[in-house]
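S.K.: Input file: query.cif. Contents: mmCIF, N, CA and C atoms.
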```
data_data
loop_
_atom_site.label_atom_id
_atom_site.label_comp_id
_atom_site.auth_asym_id
_atom_site.auth_seq_id
_atom_site.Cartn_x
_atom_site.Cartn_y
_atom_site.Cartn_z
N MET W 1 0.83 -1.16 0.00
CA MET W 1 0.00 0.00 0.00
C MET W 1 0.89 1.24 0.00
N PHE W 2 1.65 1.44 1.05
CA PHE W 2 2.62 2.53 1.10
C PHE W 2 3.99 1.95 0.83
N ASP W 3 4.83 2.73 0.22
CA ASP W 3 6.17 2.26 -0.07
C ASP W 3 7.11 2.78 1.02
N ILE W 4 7.18 2.01 2.10
CA ILE W 4 8.04 2.39 3.23
C ILE W 4 9.12 1.32 3.35
N SER W 5 10.36 1.74 3.30
CA SER W 5 11.46 0.78 3.40
C SER W 5 11.74 0.47 4.87
N PHE W 6 12.60 -0.52 5.09
CA PHE W 6 12.94 -0.94 6.45
C PHE W 6 13.66 0.17 7.20
N SER W 7 14.50 0.91 6.53
CA SER W 7 15.24 2.00 7.20
C SER W 7 14.27 3.11 7.65
N GLU W 8 13.25 3.39 6.87
CA GLU W 8 12.25 4.38 7.27
C GLU W 8 11.46 3.90 8.48
N LEU W 9 11.12 2.61 8.51
CA LEU W 9 10.42 2.05 9.68
C LEU W 9 11.29 2.12 10.93
N LEU W 10 12.58 1.89 10.78
CA LEU W 10 13.50 1.96 11.91
C LEU W 10 13.58 3.39 12.46
N VAL W 11 13.59 4.38 11.57
CA VAL W 11 13.61 5.78 12.01
C VAL W 11 12.32 6.12 12.75
N ILE W 12 11.18 5.67 12.23
CA ILE W 12 9.89 5.93 12.88
C ILE W 12 9.86 5.28 14.26
N ALA W 13 10.37 4.05 14.37
CA ALA W 13 10.40 3.36 15.67
C ALA W 13 11.29 4.09 16.67
N LEU W 14 12.43 4.57 16.25
CA LEU W 14 13.32 5.31 17.16
C LEU W 14 12.69 6.62 17.62
N VAL W 15 12.03 7.33 16.72
CA VAL W 15 11.36 8.58 17.10
C VAL W 15 10.23 8.28 18.08
N ALA W 16 9.46 7.22 17.82
CA ALA W 16 8.38 6.84 18.72
C ALA W 16 8.93 6.46 20.08
N LEU W 17 10.04 5.74 20.15
CA LEU W 17 10.65 5.35 21.42
C LEU W 17 11.10 6.58 22.20
N ILE W 18 11.62 7.55 21.51
CA ILE W 18 12.09 8.75 22.20
C ILE W 18 10.90 9.61 22.67
N VAL W 19 9.90 9.76 21.80
CA VAL W 19 8.77 10.64 22.13
C VAL W 19 7.85 9.99 23.15
N ILE W 20 7.50 8.74 22.96
CA ILE W 20 6.52 8.07 23.83
C ILE W 20 7.19 7.52 25.09
N GLY W 21 8.33 7.00 24.96
CA GLY W 21 9.03 6.43 26.11
C GLY W 21 8.92 4.92 26.10
N PRO W 22 9.88 4.25 26.75
CA PRO W 22 9.90 2.79 26.70
C PRO W 22 8.76 2.13 27.49
N GLU W 23 8.18 2.81 28.50
CA GLU W 23 7.12 2.19 29.29
C GLU W 23 5.80 2.12 28.52
N ARG W 24 5.46 3.17 27.79
CA ARG W 24 4.16 3.22 27.11
C ARG W 24 4.24 2.76 25.65
N LEU W 25 5.39 2.53 25.12
CA LEU W 25 5.55 2.15 23.72
C LEU W 25 4.85 0.83 23.38
N PRO W 26 4.95 -0.24 24.21
CA PRO W 26 4.25 -1.48 23.84
C PRO W 26 2.72 -1.29 23.79
N ARG W 27 2.16 -0.55 24.73
CA ARG W 27 0.71 -0.33 24.74
C ARG W 27 0.29 0.50 23.53
N VAL W 28 1.05 1.54 23.21
CA VAL W 28 0.74 2.38 22.04
C VAL W 28 0.87 1.56 20.76
N ALA W 29 1.86 0.70 20.67
CA ALA W 29 2.03 -0.15 19.48
C ALA W 29 0.86 -1.11 19.33
N ARG W 30 0.38 -1.69 20.45
CA ARG W 30 -0.75 -2.62 20.43
C ARG W 30 -2.01 -1.88 19.98
N VAL W 31 -2.27 -0.69 20.54
CA VAL W 31 -3.44 0.10 20.16
C VAL W 31 -3.35 0.50 18.69
N ALA W 32 -2.16 0.90 18.26
CA ALA W 32 -1.97 1.26 16.85
C ALA W 32 -2.23 0.06 15.94
N GLY W 33 -1.77 -1.11 16.36
CA GLY W 33 -2.02 -2.33 15.58
C GLY W 33 -3.51 -2.66 15.50
N LEU W 34 -4.21 -2.52 16.65
CA LEU W 34 -5.66 -2.76 16.66
C LEU W 34 -6.39 -1.77 15.76
N MET W 35 -5.96 -0.52 15.81
CA MET W 35 -6.61 0.49 14.97
C MET W 35 -6.36 0.23 13.48
N VAL W 36 -5.14 -0.17 13.15
CA VAL W 36 -4.85 -0.51 11.76
C VAL W 36 -5.69 -1.70 11.31
N GLY W 37 -5.86 -2.70 12.19
CA GLY W 37 -6.69 -3.85 11.87
C GLY W 37 -8.15 -3.46 11.64
N ARG W 38 -8.67 -2.58 12.50
CA ARG W 38 -10.05 -2.10 12.34
C ARG W 38 -10.21 -1.35 11.03
N ILE W 39 -9.25 -0.50 10.74
CA ILE W 39 -9.32 0.26 9.49
C ILE W 39 -9.32 -0.68 8.29
N ARG W 40 -8.48 -1.71 8.35
CA ARG W 40 -8.46 -2.68 7.24
C ARG W 40 -9.80 -3.41 7.11
N ARG W 41 -10.39 -3.82 8.26
CA ARG W 41 -11.69 -4.50 8.23
C ARG W 41 -12.77 -3.58 7.67
N TYR W 42 -12.78 -2.31 8.11
CA TYR W 42 -13.76 -1.36 7.59
C TYR W 42 -13.58 -1.17 6.08
N ALA W 43 -12.34 -1.08 5.65
CA ALA W 43 -12.08 -0.92 4.22
C ALA W 43 -12.55 -2.15 3.45
N GLN W 44 -12.30 -3.34 4.01
CA GLN W 44 -12.75 -4.59 3.36
C GLN W 44 -14.27 -4.65 3.31
N ASP W 45 -14.93 -4.29 4.42
CA ASP W 45 -16.39 -4.28 4.44
C ASP W 45 -16.95 -3.28 3.41
N PHE W 46 -16.31 -2.14 3.31
CA PHE W 46 -16.74 -1.13 2.35
C PHE W 46 -16.61 -1.66 0.92
N LYS W 47 -15.49 -2.31 0.63
CA LYS W 47 -15.29 -2.88 -0.71
C LYS W 47 -16.35 -3.94 -1.01
N GLN W 48 -16.64 -4.81 -0.02
CA GLN W 48 -17.65 -5.84 -0.22
C GLN W 48 -19.03 -5.24 -0.47
N GLU W 49 -19.36 -4.19 0.27
CA GLU W 49 -20.66 -3.53 0.09
C GLU W 49 -20.76 -2.90 -1.29
N ILE W 50 -19.70 -2.27 -1.75
CA ILE W 50 -19.69 -1.69 -3.10
C ILE W 50 -19.86 -2.79 -4.14
N ASN W 51 -19.16 -3.92 -3.97
CA ASN W 51 -19.28 -5.02 -4.91
C ASN W 51 -20.70 -5.58 -4.92
N ARG W 52 -21.33 -5.68 -3.75
CA ARG W 52 -22.72 -6.16 -3.68
C ARG W 52 -23.65 -5.21 -4.43
N GLU W 53 -23.46 -3.92 -4.25
CA GLU W 53 -24.30 -2.95 -4.94
C GLU W 53 -24.11 -3.04 -6.45
N ILE W 54 -22.89 -3.22 -6.89
CA ILE W 54 -22.63 -3.36 -8.32
C ILE W 54 -23.31 -4.61 -8.86
N GLU W 55 -23.18 -5.72 -8.14
CA GLU W 55 -23.83 -6.96 -8.57
C GLU W 55 -25.35 -6.81 -8.58
N LEU W 56 -25.88 -6.12 -7.58
CA LEU W 56 -27.32 -5.89 -7.52
C LEU W 56 -27.79 -5.06 -8.71
N ASP W 57 -27.04 -4.04 -9.06
CA ASP W 57 -27.38 -3.24 -10.24
C ASP W 57 -27.33 -4.06 -11.51
N GLU W 58 -26.32 -4.92 -11.62
CA GLU W 58 -26.21 -5.78 -12.80
C GLU W 58 -27.39 -6.76 -12.86
N LEU W 59 -27.78 -7.31 -11.71
CA LEU W 59 -28.91 -8.23 -11.68
C LEU W 59 -30.21 -7.52 -12.04
N LYS W 60 -30.38 -6.30 -11.57
CA LYS W 60 -31.58 -5.54 -11.92
C LYS W 60 -31.62 -5.27 -13.42
N ARG W 61 -30.48 -4.89 -13.99
CA ARG W 61 -30.42 -4.64 -15.42
C ARG W 61 -30.73 -5.91 -16.21
N LEU W 62 -30.17 -7.02 -15.75
CA LEU W 62 -30.43 -8.30 -16.42
C LEU W 62 -31.90 -8.68 -16.31
N GLN W 63 -32.49 -8.44 -15.14
CA GLN W 63 -33.91 -8.75 -14.96
C GLN W 63 -34.76 -7.90 -15.91
N GLU W 64 -34.43 -6.63 -16.04
CA GLU W 64 -35.16 -5.76 -16.96
C GLU W 64 -35.03 -6.25 -18.40
N GLU W 65 -33.86 -6.71 -18.77
CA GLU W 65 -33.65 -7.23 -20.13
C GLU W 65 -34.49 -8.49 -20.35
N VAL W 66 -34.53 -9.37 -19.35
CA VAL W 66 -35.30 -10.61 -19.48
C VAL W 66 -36.79 -10.29 -19.57
N VAL W 67 -37.26 -9.37 -18.74
CA VAL W 67 -38.68 -8.99 -18.78
C VAL W 67 -39.01 -8.36 -20.12
N SER W 68 -38.14 -7.52 -20.63
CA SER W 68 -38.36 -6.89 -21.92
C SER W 68 -38.40 -7.94 -23.03
N SER W 69 -37.49 -8.88 -22.99
CA SER W 69 -37.48 -9.95 -24.00
C SER W 69 -38.73 -10.80 -23.90
N ALA W 70 -39.17 -11.07 -22.69
CA ALA W 70 -40.39 -11.87 -22.51
C ALA W 70 -41.61 -11.12 -23.06
N ARG W 71 -41.67 -9.82 -22.84
CA ARG W 71 -42.78 -9.04 -23.39
C ARG W 71 -42.75 -9.03 -24.90
N GLU W 72 -41.56 -8.87 -25.48
CA GLU W 72 -41.45 -8.89 -26.94
C GLU W 72 -41.87 -10.25 -27.50
N LEU W 73 -41.45 -11.33 -26.83
CA LEU W 73 -41.83 -12.67 -27.27
C LEU W 73 -43.33 -12.86 -27.16
N GLU W 74 -43.92 -12.39 -26.08
CA GLU W 74 -45.36 -12.51 -25.90
C GLU W 74 -46.10 -11.75 -26.99
N ALA W 75 -45.65 -10.54 -27.30
CA ALA W 75 -46.29 -9.75 -28.36
C ALA W 75 -46.15 -10.45 -29.71
N SER W 76 -44.99 -11.01 -29.97
CA SER W 76 -44.77 -11.73 -31.23
C SER W 76 -45.68 -12.94 -31.34
N VAL W 77 -45.78 -13.70 -30.25
CA VAL W 77 -46.64 -14.89 -30.25
C VAL W 77 -48.10 -14.49 -30.44
N ARG W 78 -48.52 -13.42 -29.76
CA ARG W 78 -49.91 -12.97 -29.91
C ARG W 78 -50.19 -12.54 -31.34
N SER W 79 -49.27 -11.80 -31.96
CA SER W 79 -49.50 -11.36 -33.33
C SER W 79 -49.55 -12.56 -34.29
N GLU W 80 -48.68 -13.54 -34.07
CA GLU W 80 -48.71 -14.74 -34.91
C GLU W 80 -50.00 -15.52 -34.71
N MET W 81 -50.47 -15.59 -33.47
CA MET W 81 -51.74 -16.28 -33.20
C MET W 81 -52.90 -15.55 -33.87
N GLU W 82 -52.91 -14.22 -33.82
CA GLU W 82 -53.95 -13.44 -34.48
C GLU W 82 -53.90 -13.66 -35.99
N SER W 83 -52.69 -13.67 -36.55
CA SER W 83 -52.53 -13.89 -37.98
C SER W 83 -53.04 -15.29 -38.36
N ALA W 84 -52.69 -16.29 -37.58
CA ALA W 84 -53.16 -17.65 -37.86
C ALA W 84 -54.67 -17.74 -37.70
N ARG W 85 -55.20 -17.07 -36.69
CA ARG W 85 -56.65 -17.09 -36.48
C ARG W 85 -57.37 -16.42 -37.65
N ASP W 86 -56.82 -15.30 -38.14
CA ASP W 86 -57.42 -14.62 -39.29
C ASP W 86 -57.38 -15.51 -40.53
N MET W 87 -56.26 -16.18 -40.75
CA MET W 87 -56.15 -17.08 -41.90
C MET W 87 -57.14 -18.23 -41.78
N LEU W 88 -57.29 -18.76 -40.57
CA LEU W 88 -58.23 -19.85 -40.35
C LEU W 88 -59.66 -19.37 -40.56
N ASP W 89 -59.98 -18.18 -40.09
CA ASP W 89 -61.32 -17.63 -40.30
C ASP W 89 -61.59 -17.42 -41.78
N ASP W 90 -60.61 -16.91 -42.52
CA ASP W 90 -60.78 -16.73 -43.97
C ASP W 90 -61.01 -18.07 -44.65
N ALA W 91 -60.24 -19.08 -44.26
CA ALA W 91 -60.41 -20.40 -44.87
C ALA W 91 -61.78 -20.98 -44.52
N MET W 92 -62.22 -20.76 -43.29
CA MET W 92 -63.55 -21.27 -42.91
C MET W 92 -64.65 -20.56 -43.69
N ARG W 93 -64.48 -19.27 -43.94
CA ARG W 93 -65.48 -18.54 -44.73
C ARG W 93 -65.50 -19.05 -46.17
N GLU W 94 -64.32 -19.30 -46.72
CA GLU W 94 -64.26 -19.82 -48.09
C GLU W 94 -64.92 -21.18 -48.20
N VAL W 95 -64.72 -22.02 -47.20
CA VAL W 95 -65.29 -23.37 -47.23
C VAL W 95 -66.78 -23.32 -46.94
N SER W 96 -67.17 -22.49 -46.00
CA SER W 96 -68.58 -22.49 -45.60
C SER W 96 -69.46 -21.66 -46.52
N ALA W 97 -68.90 -20.76 -47.30
CA ALA W 97 -69.71 -19.93 -48.20
C ALA W 97 -70.49 -20.77 -49.20
N PRO W 98 -69.89 -21.73 -49.90
CA PRO W 98 -70.67 -22.56 -50.82
C PRO W 98 -71.66 -23.45 -50.08
N LEU W 99 -71.37 -23.83 -48.88
CA LEU W 99 -72.28 -24.68 -48.13
C LEU W 99 -73.54 -23.94 -47.74
N LEU W 100 -73.44 -22.63 -47.66
CA LEU W 100 -74.61 -21.85 -47.31
C LEU W 100 -75.59 -21.77 -48.47
N LYS W 101 -75.10 -22.00 -49.66
CA LYS W 101 -75.99 -22.01 -50.82
C LYS W 101 -76.82 -23.29 -50.80
N ASP W 102 -77.81 -23.35 -51.65
CA ASP W 102 -78.70 -24.51 -51.68
C ASP W 102 -78.17 -25.62 -52.54
N ASP W 103 -77.06 -25.44 -53.21
CA ASP W 103 -76.54 -26.43 -54.13
C ASP W 103 -75.40 -27.21 -53.47
N PRO W 104 -75.64 -28.43 -52.90
CA PRO W 104 -74.59 -29.19 -52.24
C PRO W 104 -73.52 -29.70 -53.21
N VAL W 105 -73.84 -29.93 -54.47
CA VAL W 105 -72.86 -30.43 -55.43
C VAL W 105 -71.77 -29.39 -55.66
N SER W 106 -72.13 -28.13 -55.80
CA SER W 106 -71.12 -27.11 -56.02
C SER W 106 -70.27 -26.92 -54.77
N ALA W 107 -70.85 -27.17 -53.60
CA ALA W 107 -70.07 -27.08 -52.36
C ALA W 107 -69.01 -28.16 -52.33
N ILE W 108 -69.35 -29.36 -52.74
CA ILE W 108 -68.37 -30.46 -52.75
C ILE W 108 -67.30 -30.18 -53.80
N GLU W 109 -67.70 -29.71 -54.97
CA GLU W 109 -66.74 -29.43 -56.02
C GLU W 109 -65.78 -28.31 -55.63
N SER W 110 -66.29 -27.29 -54.95
CA SER W 110 -65.41 -26.19 -54.56
C SER W 110 -64.50 -26.58 -53.40
N ALA W 111 -64.92 -27.54 -52.58
CA ALA W 111 -64.09 -27.97 -51.46
C ALA W 111 -63.03 -28.95 -51.92
N THR W 112 -63.21 -29.59 -53.09
CA THR W 112 -62.25 -30.55 -53.61
C THR W 112 -61.16 -29.80 -54.36
N PRO W 113 -59.89 -30.15 -54.11
CA PRO W 113 -58.81 -29.51 -54.86
C PRO W 113 -58.99 -29.74 -56.35
N PRO W 114 -58.54 -28.82 -57.19
CA PRO W 114 -58.79 -28.92 -58.63
C PRO W 114 -58.15 -30.13 -59.29
N ASP W 115 -57.08 -30.68 -58.76
CA ASP W 115 -56.44 -31.82 -59.39
C ASP W 115 -57.10 -33.13 -59.01
N GLN W 116 -58.06 -33.14 -58.09
CA GLN W 116 -58.77 -34.34 -57.70
C GLN W 116 -60.23 -34.22 -58.07
N GLU W 117 -60.78 -35.31 -58.53
CA GLU W 117 -62.20 -35.34 -58.86
C GLU W 117 -62.95 -35.81 -57.62
N PRO W 118 -64.14 -35.29 -57.39
CA PRO W 118 -64.94 -35.75 -56.24
C PRO W 118 -65.32 -37.20 -56.44
N LYS W 119 -65.31 -37.95 -55.35
CA LYS W 119 -65.67 -39.36 -55.42
C LYS W 119 -67.17 -39.45 -55.46
N ALA W 120 -67.62 -40.33 -56.30
CA ALA W 120 -69.06 -40.53 -56.43
C ALA W 120 -69.52 -41.44 -55.31
N THR W 121 -70.59 -41.08 -54.70
CA THR W 121 -71.15 -41.92 -53.62
C THR W 121 -72.32 -42.68 -54.16
N THR W 122 -72.44 -43.91 -53.81
CA THR W 122 -73.54 -44.75 -54.28
C THR W 122 -74.58 -44.81 -53.19
N THR W 123 -75.83 -44.56 -53.62
CA THR W 123 -76.94 -44.64 -52.68
C THR W 123 -78.02 -45.53 -53.17
#
```
Represent the structure from my file as structure tokens, please.

M.R.:
Amino acid sequence: MFDISFSELLVIALVALIVIGPERLPRVARVAGLMVGRIRRYAQDFKQEINREIELDELKRLQEEVVSSARELEASVRSEMESARDMLDDAMREVSAPLLKDDPVSAIESATPPDQEPKATTT
């Protein structure tokens, strides 16, 4: 994190020994170590919280994309179903229109494909 060489640490320790004194130096060093540990834990917790928020934002964005895709798929399926239903209704009208007339022979002939002849029924 910081670029402190061994000689710099030795100078800091000597200054601390002179300023604080040999009796209180171990207690001050222990408290300083505890404080450094707490600061590191707080920094780690902060990093984890930021990462969680980033992941949560990514998940929300992904959820929105999935919902949007699902809506588009639903709209596409509905339009295809409407198109198929319209085609089926048109085909039913074409087939049922001759049947509504009084001439059943023309209804059979119009329902039969042009390359096939209607089968004669014996009664």

S.K.: Is it possible to get the axis-aligned box enclosing stretch 88-94 of chain W (all listed atoms, 6 Å extra per side) as lines of an AutoDock Vina configuration file, with centre and edge lengths in Å rounded to one decimal?

M.R.:
```
center_x = -61.4
center_y = -19.0
center_z = -44.1
size_x = 20.2
size_y = 16.5
size_z = 20.1
```

S.K.: What is the atom CA of W:Leu59-atom CA of W:Ala43 distance in Å, reported with one decimal?

M.R.: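 Separating atom CA of W:Leu59 from atom CA of W:Ala43 is a distance of 24.3 Å.
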
S.K.: For a test of reading the model, state the distance in Å between atom C of W:Lys60 and atom N of W:Gln44, rounded to one decimal.

M.R.: 26.1 Å

S.K.: Which value, in Å to one decimal, gives the distance between atom C of W:Met81 and atom N of W:Glu94?

M.R.: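 According to the coordinates, atom C of W:Met81 and atom N of W:Glu94 are separated by 17.6 Å.
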